[in-house]
Amino acid sequence: MAEEVVAGADDARAWDERLGWAFGLIADDPAERAAALVRLAEAQRKVSDALGRFNEMWWLTSSLGTEEQYQESALVQAHRMYHQAQRSSLPDGLWGRHAVGDLATWPGLPYALLFLEWEAKYPQEWTHHAKAWGTKQRLIRDLALARQEDAVKAKLTDLVEIVVHRAYRCKDREYVRVARAVDSADLRDRLDRAVDSDSPWARCQAGYVLWLLDRPDVPNTRHVWRSWVAGRASA
């Protein structure tokens, strides 16, 4: 296709203009979250409509040769409108970051963190309105590898704490990468408190993360997790 929209190409102002409303998704006020969910539904409807128009134009131009079809102005315009709609929605607006260099300076970073915080704090709303396990996994992995500014490190520490206190959700085990990346006395204190809590999920998951923090060479695989749980149960 003649044009490809890259999620890392805009500055912070452009991101805020498109997605600033999305911070309402993590608000404490239920009314504010509800209003943001309405905005999200409208944004997703526009993405769906734009995709429908693109698919229609693809069908109408399918009789052309491949090169001619890709150059057809109506199809190019439909493709452009589809990607523009995606940039103003979630999770679509976080896709296509292949051209991003230093994630710590990426203008979309606050929205990547927002997406993960939304899933951590309001998992049912996230699942119902924007479930994207692959996006969750990719963001966690990228953030674990990124250069850590203090504010980002604090946010990631909060996310690890939230996640170990809840029942396991798909891709939560990826947060071990984050815990290793932001390892600190503060994080370990929080995990120690979780181990001493009344929640069986918190005791188990926080204990596992602490165990791995003390063993940086041990891989965080499903086999290792199951072996650790089995050993804990027989202890």
# chains A, B, ... in the order shown; residues from 1 in each chain; ligands from 1
>>> residues_around(residues="stretch 36-51 of chain A", least_positions_apart="2", cutoff="6 Å", atoms="only C-alpha atoms", output="number ranges by chain")
A: 24-25, 33-34, 53-54, 82, 85-86, 89
>>> residues_around(residues="stretch 12-16 of chain A", least_positions_apart="6", cutoff="9 Å", atoms="only C-alpha atoms", output="number ranges by chain")
A: 87-88, 106-108, 111
>>> residues_around(residues="A:Gly134", least_positions_apart="3", cutoff="12 Å", atoms="only C-alpha atoms", output="mmCIF file with all heavy atoms, in the first residue's frame")
data_model
loop_
_atom_site.group_PDB
_atom_site.id
_atom_site.type_symbol
_atom_site.label_atom_id
_atom_site.label_comp_id
_atom_site.auth_asym_id
_atom_site.auth_seq_id
_atom_site.Cartn_x
_atom_site.Cartn_y
_atom_site.Cartn_z
ATOM 1 N N PRO A 91 -7.186 -0.911 21.204
ATOM 2 C CA PRO A 91 -5.726 -0.913 21.302
ATOM 3 C C PRO A 91 -5.015 -0.520 20.003
ATOM 4 O O PRO A 91 -3.783 -0.422 19.978
ATOM 5 C CB PRO A 91 -5.418 -2.377 21.648
ATOM 6 C CG PRO A 91 -6.480 -3.138 20.920
ATOM 7 C CD PRO A 91 -7.727 -2.284 21.048
ATOM 8 N N ASP A 92 -5.790 -0.287 18.947
ATOM 9 C CA ASP A 92 -5.211 -0.071 17.613
ATOM 10 C C ASP A 92 -4.160 1.030 17.586
ATOM 11 O O ASP A 92 -3.161 0.934 16.864
ATOM 12 C CB ASP A 92 -6.314 0.291 16.608
ATOM 13 C CG ASP A 92 -7.464 -0.685 16.603
ATOM 14 O OD1 ASP A 92 -7.917 -1.063 17.703
ATOM 15 O OD2 ASP A 92 -7.935 -1.056 15.516
ATOM 16 N N LEU A 94 -1.918 1.752 19.473
ATOM 17 C CA LEU A 94 -0.611 1.366 20.000
ATOM 18 C C LEU A 94 0.132 0.415 19.073
ATOM 19 O O LEU A 94 1.253 0.001 19.368
ATOM 20 C CB LEU A 94 -0.780 0.688 21.372
ATOM 21 C CG LEU A 94 -1.387 1.562 22.459
ATOM 22 C CD1 LEU A 94 -1.704 0.722 23.700
ATOM 23 C CD2 LEU A 94 -0.446 2.696 22.822
ATOM 24 N N TRP A 95 -0.490 0.067 17.957
ATOM 25 C CA TRP A 95 0.137 -0.878 17.029
ATOM 26 C C TRP A 95 1.071 -0.141 16.072
ATOM 27 O O TRP A 95 1.026 1.065 15.926
ATOM 28 C CB TRP A 95 -0.928 -1.619 16.233
ATOM 29 C CG TRP A 95 -1.831 -2.463 17.078
ATOM 30 C CD1 TRP A 95 -1.610 -2.875 18.365
ATOM 31 C CD2 TRP A 95 -3.118 -2.967 16.725
ATOM 32 N NE1 TRP A 95 -2.668 -3.609 18.830
ATOM 33 C CE2 TRP A 95 -3.605 -3.684 17.850
ATOM 34 C CE3 TRP A 95 -3.903 -2.896 15.578
ATOM 35 C CZ2 TRP A 95 -4.838 -4.328 17.839
ATOM 36 C CZ3 TRP A 95 -5.141 -3.539 15.565
ATOM 37 C CH2 TRP A 95 -5.601 -4.243 16.683
ATOM 38 N N LEU A 116 -1.881 -0.727 29.977
ATOM 39 C CA LEU A 116 -1.561 -1.766 30.951
ATOM 40 C C LEU A 116 -2.183 -1.469 32.320
ATOM 41 O O LEU A 116 -2.649 -2.383 33.007
ATOM 42 C CB LEU A 116 -0.046 -1.905 31.081
ATOM 43 C CG LEU A 116 0.676 -2.436 29.847
ATOM 44 C CD1 LEU A 116 2.178 -2.448 30.074
ATOM 45 C CD2 LEU A 116 0.186 -3.825 29.467
ATOM 46 N N ALA A 130 -11.750 -3.870 25.154
ATOM 47 C CA ALA A 130 -10.515 -3.725 24.359
ATOM 48 C C ALA A 130 -9.552 -4.886 24.549
ATOM 49 O O ALA A 130 -8.343 -4.695 24.513
ATOM 50 C CB ALA A 130 -9.825 -2.414 24.721
ATOM 51 N N LYS A 131 -10.085 -6.084 24.738
ATOM 52 C CA LYS A 131 -9.223 -7.242 24.989
ATOM 53 C C LYS A 131 -8.212 -7.425 23.862
ATOM 54 O O LYS A 131 -8.583 -7.535 22.694
ATOM 55 C CB LYS A 131 -10.075 -8.498 25.137
ATOM 56 C CG LYS A 131 -9.275 -9.757 25.413
ATOM 57 C CD LYS A 131 -10.197 -10.941 25.636
ATOM 58 C CE LYS A 131 -10.936 -11.322 24.366
ATOM 59 N NZ LYS A 131 -11.727 -12.556 24.542
ATOM 60 N N GLN A 137 1.057 -8.392 25.972
ATOM 61 C CA GLN A 137 2.340 -9.082 26.058
ATOM 62 C C GLN A 137 3.459 -8.266 25.426
ATOM 63 O O GLN A 137 4.545 -8.117 26.009
ATOM 64 C CB GLN A 137 2.242 -10.439 25.365
ATOM 65 C CG GLN A 137 3.532 -11.246 25.396
ATOM 66 C CD GLN A 137 3.408 -12.536 24.624
ATOM 67 O OE1 GLN A 137 3.089 -12.556 23.436
ATOM 68 N NE2 GLN A 137 3.642 -13.656 25.312
ATOM 69 N N ARG A 138 3.197 -7.717 24.242
ATOM 70 C CA ARG A 138 4.247 -6.964 23.549
ATOM 71 C C ARG A 138 4.634 -5.711 24.330
ATOM 72 O O ARG A 138 5.827 -5.388 24.447
ATOM 73 C CB ARG A 138 3.750 -6.574 22.160
ATOM 74 C CG ARG A 138 4.736 -5.739 21.352
ATOM 75 C CD ARG A 138 5.992 -6.503 21.028
ATOM 76 N NE ARG A 138 6.957 -5.665 20.349
ATOM 77 C CZ ARG A 138 6.993 -5.465 19.035
ATOM 78 N NH1 ARG A 138 6.090 -6.057 18.258
ATOM 79 N NH2 ARG A 138 7.909 -4.703 18.501
ATOM 80 N N LEU A 139 3.657 -5.017 24.884
ATOM 81 C CA LEU A 139 3.961 -3.811 25.645
ATOM 82 C C LEU A 139 4.782 -4.138 26.891
ATOM 83 O O LEU A 139 5.748 -3.434 27.217
ATOM 84 C CB LEU A 139 2.674 -3.092 26.038
ATOM 85 C CG LEU A 139 1.864 -2.461 24.899
ATOM 86 C CD1 LEU A 139 0.562 -1.895 25.435
ATOM 87 C CD2 LEU A 139 2.680 -1.364 24.212
ATOM 88 N N ILE A 140 4.404 -5.198 27.603
ATOM 89 C CA ILE A 140 5.140 -5.576 28.809
ATOM 90 C C ILE A 140 6.583 -5.913 28.457
ATOM 91 O O ILE A 140 7.525 -5.471 29.122
ATOM 92 C CB ILE A 140 4.458 -6.768 29.509
ATOM 93 C CG1 ILE A 140 3.095 -6.353 30.075
ATOM 94 C CG2 ILE A 140 5.346 -7.304 30.634
ATOM 95 C CD1 ILE A 140 2.285 -7.515 30.619
ATOM 96 N N ARG A 141 6.763 -6.687 27.401
ATOM 97 C CA ARG A 141 8.119 -7.093 27.004
ATOM 98 C C ARG A 141 8.952 -5.886 26.580
ATOM 99 O O ARG A 141 10.132 -5.778 26.937
ATOM 100 C CB ARG A 141 8.049 -8.124 25.876
ATOM 101 C CG ARG A 141 7.509 -9.474 26.333
ATOM 102 C CD ARG A 141 7.550 -10.505 25.232
ATOM 103 N NE ARG A 141 7.147 -11.812 25.719
ATOM 104 C CZ ARG A 141 7.207 -12.926 24.994
ATOM 105 N NH1 ARG A 141 7.658 -12.882 23.743
ATOM 106 N NH2 ARG A 141 6.835 -14.087 25.515
ATOM 107 N N CYS A 170 -4.386 -13.932 31.722
ATOM 108 C CA CYS A 170 -3.552 -14.241 30.567
ATOM 109 C C CYS A 170 -2.401 -13.235 30.437
ATOM 110 O O CYS A 170 -2.618 -12.025 30.509
ATOM 111 C CB CYS A 170 -4.412 -14.221 29.305
ATOM 112 S SG CYS A 170 -3.558 -14.676 27.787
ATOM 113 N N LYS A 171 -1.201 -13.740 30.263
ATOM 114 C CA LYS A 171 0.037 -12.974 30.067
ATOM 115 C C LYS A 171 0.540 -12.278 31.321
ATOM 116 O O LYS A 171 1.538 -11.547 31.254
ATOM 117 C CB LYS A 171 -0.122 -11.935 28.941
ATOM 118 C CG LYS A 171 -0.625 -12.508 27.628
ATOM 119 C CD LYS A 171 0.269 -13.599 27.094
ATOM 120 C CE LYS A 171 -0.234 -14.143 25.763
ATOM 121 N NZ LYS A 171 0.589 -15.264 25.248
ATOM 122 N N ASP A 172 -0.067 -12.514 32.474
ATOM 123 C CA ASP A 172 0.434 -11.891 33.706
ATOM 124 C C ASP A 172 1.849 -12.343 34.028
ATOM 125 O O ASP A 172 2.621 -11.588 34.640
ATOM 126 C CB ASP A 172 -0.486 -12.215 34.887
ATOM 127 C CG ASP A 172 -1.656 -11.254 35.003
ATOM 128 O OD1 ASP A 172 -1.742 -10.311 34.195
ATOM 129 O OD2 ASP A 172 -2.487 -11.453 35.916
ATOM 130 N N GLU A 174 4.251 -12.476 32.260
ATOM 131 C CA GLU A 174 5.207 -11.591 31.599
ATOM 132 C C GLU A 174 5.720 -10.499 32.546
ATOM 133 O O GLU A 174 6.799 -9.929 32.339
ATOM 134 C CB GLU A 174 4.567 -10.933 30.378
ATOM 135 C CG GLU A 174 4.153 -11.896 29.286
ATOM 136 C CD GLU A 174 5.332 -12.513 28.549
ATOM 137 O OE1 GLU A 174 6.452 -11.971 28.649
ATOM 138 O OE2 GLU A 174 5.139 -13.538 27.874
#
>>> closest_residue(among="A:Arg232, A:Lys155, A:Arg188, A:Arg203", to="A:Pro110", atoms="only C-alpha atoms")
A:Lys155
>>> select_by_dssp(residues="stretch 31-96 of chain A", states="helix (DSSP H, G or I)", output="ChimeraX atom specification")
/A:31-60,66-71,73-86,92-94
>>> write_last_selection(atoms="C-alpha atoms", output="short mmCIF file (atom, residue, chain, number, x, y, z; two decimals), in the first residue's frame")
data_model
loop_
_atom_site.label_atom_id
_atom_site.label_comp_id
_atom_site.auth_asym_id
_atom_site.auth_seq_id
_atom_site.Cartn_x
_atom_site.Cartn_y
_atom_site.Cartn_z
CA ALA A 31 -18.86 8.29 35.84
CA GLU A 32 -15.60 9.47 34.31
CA ARG A 33 -14.74 5.92 33.28
CA ALA A 34 -18.19 5.47 31.78
CA ALA A 35 -17.78 8.63 29.70
CA ALA A 36 -14.39 7.42 28.46
CA LEU A 37 -15.90 4.06 27.53
CA VAL A 38 -18.48 5.89 25.42
CA ARG A 39 -15.66 7.71 23.65
CA LEU A 40 -13.85 4.43 23.12
CA ALA A 41 -16.94 2.76 21.67
CA GLU A 42 -17.35 5.64 19.21
CA ALA A 43 -13.68 5.44 18.22
CA GLN A 44 -13.94 1.68 17.70
CA ARG A 45 -17.09 2.15 15.61
CA LYS A 46 -15.19 4.51 13.35
CA VAL A 47 -12.42 1.94 12.97
CA SER A 48 -14.96 -0.74 12.08
CA ASP A 49 -16.72 1.53 9.56
CA ALA A 50 -13.43 2.55 7.97
CA LEU A 51 -12.34 -1.07 7.69
CA GLY A 52 -15.66 -1.90 6.05
CA ARG A 53 -15.12 0.84 3.46
CA PHE A 54 -11.56 -0.36 2.83
CA ASN A 55 -12.74 -3.95 2.33
CA GLU A 56 -15.45 -2.74 -0.03
CA MET A 57 -12.95 -0.79 -2.13
CA TRP A 58 -10.60 -3.77 -2.10
CA TRP A 59 -13.36 -5.91 -3.56
CA LEU A 60 -14.36 -3.33 -6.15
CA THR A 66 -1.88 -6.02 -8.11
CA GLU A 67 0.21 -2.98 -8.97
CA GLU A 68 -2.74 -1.09 -10.43
CA GLN A 69 -4.94 -1.96 -7.48
CA TYR A 70 -2.41 -0.68 -4.94
CA GLN A 71 -2.21 2.60 -6.86
CA SER A 73 -6.72 6.39 -5.52
CA ALA A 74 -10.02 5.29 -3.97
CA LEU A 75 -8.37 2.27 -2.35
CA VAL A 76 -5.41 4.32 -1.14
CA GLN A 77 -7.78 6.86 0.41
CA ALA A 78 -9.83 4.14 2.12
CA HIS A 79 -6.62 2.64 3.48
CA ARG A 80 -5.51 6.04 4.78
CA MET A 81 -8.85 6.69 6.48
CA TYR A 82 -8.76 3.26 8.12
CA HIS A 83 -5.34 3.87 9.66
CA GLN A 84 -6.31 7.37 10.75
CA ALA A 85 -9.30 5.91 12.59
CA GLN A 86 -7.06 3.31 14.23
CA ASP A 92 -5.21 -0.07 17.61
CA GLY A 93 -3.47 3.22 18.32
CA LEU A 94 -0.61 1.37 20.00
#
>>> closest_residue(among="A:Thr105, A:Ser184, A:Gln205, A:Ser197", to="A:Ala154", atoms="only C-alpha atoms")
A:Ser184
>>> atom_distance(atom1="atom CA of A:Asp189", atom2="atom CA of A:Asp158")
12.1 Å
>>> closest_residue(among="A:Leu90, A:Ala206, A:Val178, A:Leu143", to="A:Thr157", atoms="only C-alpha atoms")
A:Val178
>>> closest_residue(among="A:Glu119, A:Thr127, A:Gln148, A:Leu210", to="A:Ala104", atoms="only C-alpha atoms")
A:Gln148
>>> atom_distance(atom1="atom CA of A:Asn220", atom2="atom CA of A:Arg173")
7.9 Å
>>> closest_atom_pairs(of="stretch 148-188 of chain A", to="stretch 120-123 of chain A", cutoff="9 Å", atoms="only C-alpha atoms", output="CSV")
residue,atom,partner,partner_atom,distance
A:Leu159,CA,A:Ala120,CA,6.8
A:Ile162,CA,A:Ala120,CA,6.5
A:Val163,CA,A:Ala120,CA,6.3
A:Arg166,CA,A:Ala120,CA,8.9
A:Arg169,CA,A:Pro123,CA,8.9
>>> write_last_selection(atoms="C-alpha atoms", output="PDB file, in the first residue's frame")
ATOM      1  CA  LEU A 159       1.710  -2.578  38.114  1.00  0.00           C
ATOM      2  CA  ILE A 162      -1.333  -4.871  41.479  1.00  0.00           C
ATOM      3  CA  VAL A 163      -0.891  -7.967  39.344  1.00  0.00           C
ATOM      4  CA  ARG A 166      -5.086 -10.703  41.846  1.00  0.00           C
ATOM      5  CA  ARG A 169      -4.884 -13.447  34.016  1.00  0.00           C
TER       6      ARG A 169
END
>>> residues_around(residues="stretch 221-226 of chain A", least_positions_apart="4", cutoff="9 Å", atoms="only C-alpha atoms", output="VMD selection string")
chain A and resid 173 208 230 to 231
>>> atom_distance(atom1="atom CA of A:Asp214", atom2="atom CA of A:Asp183")
10.1 Å
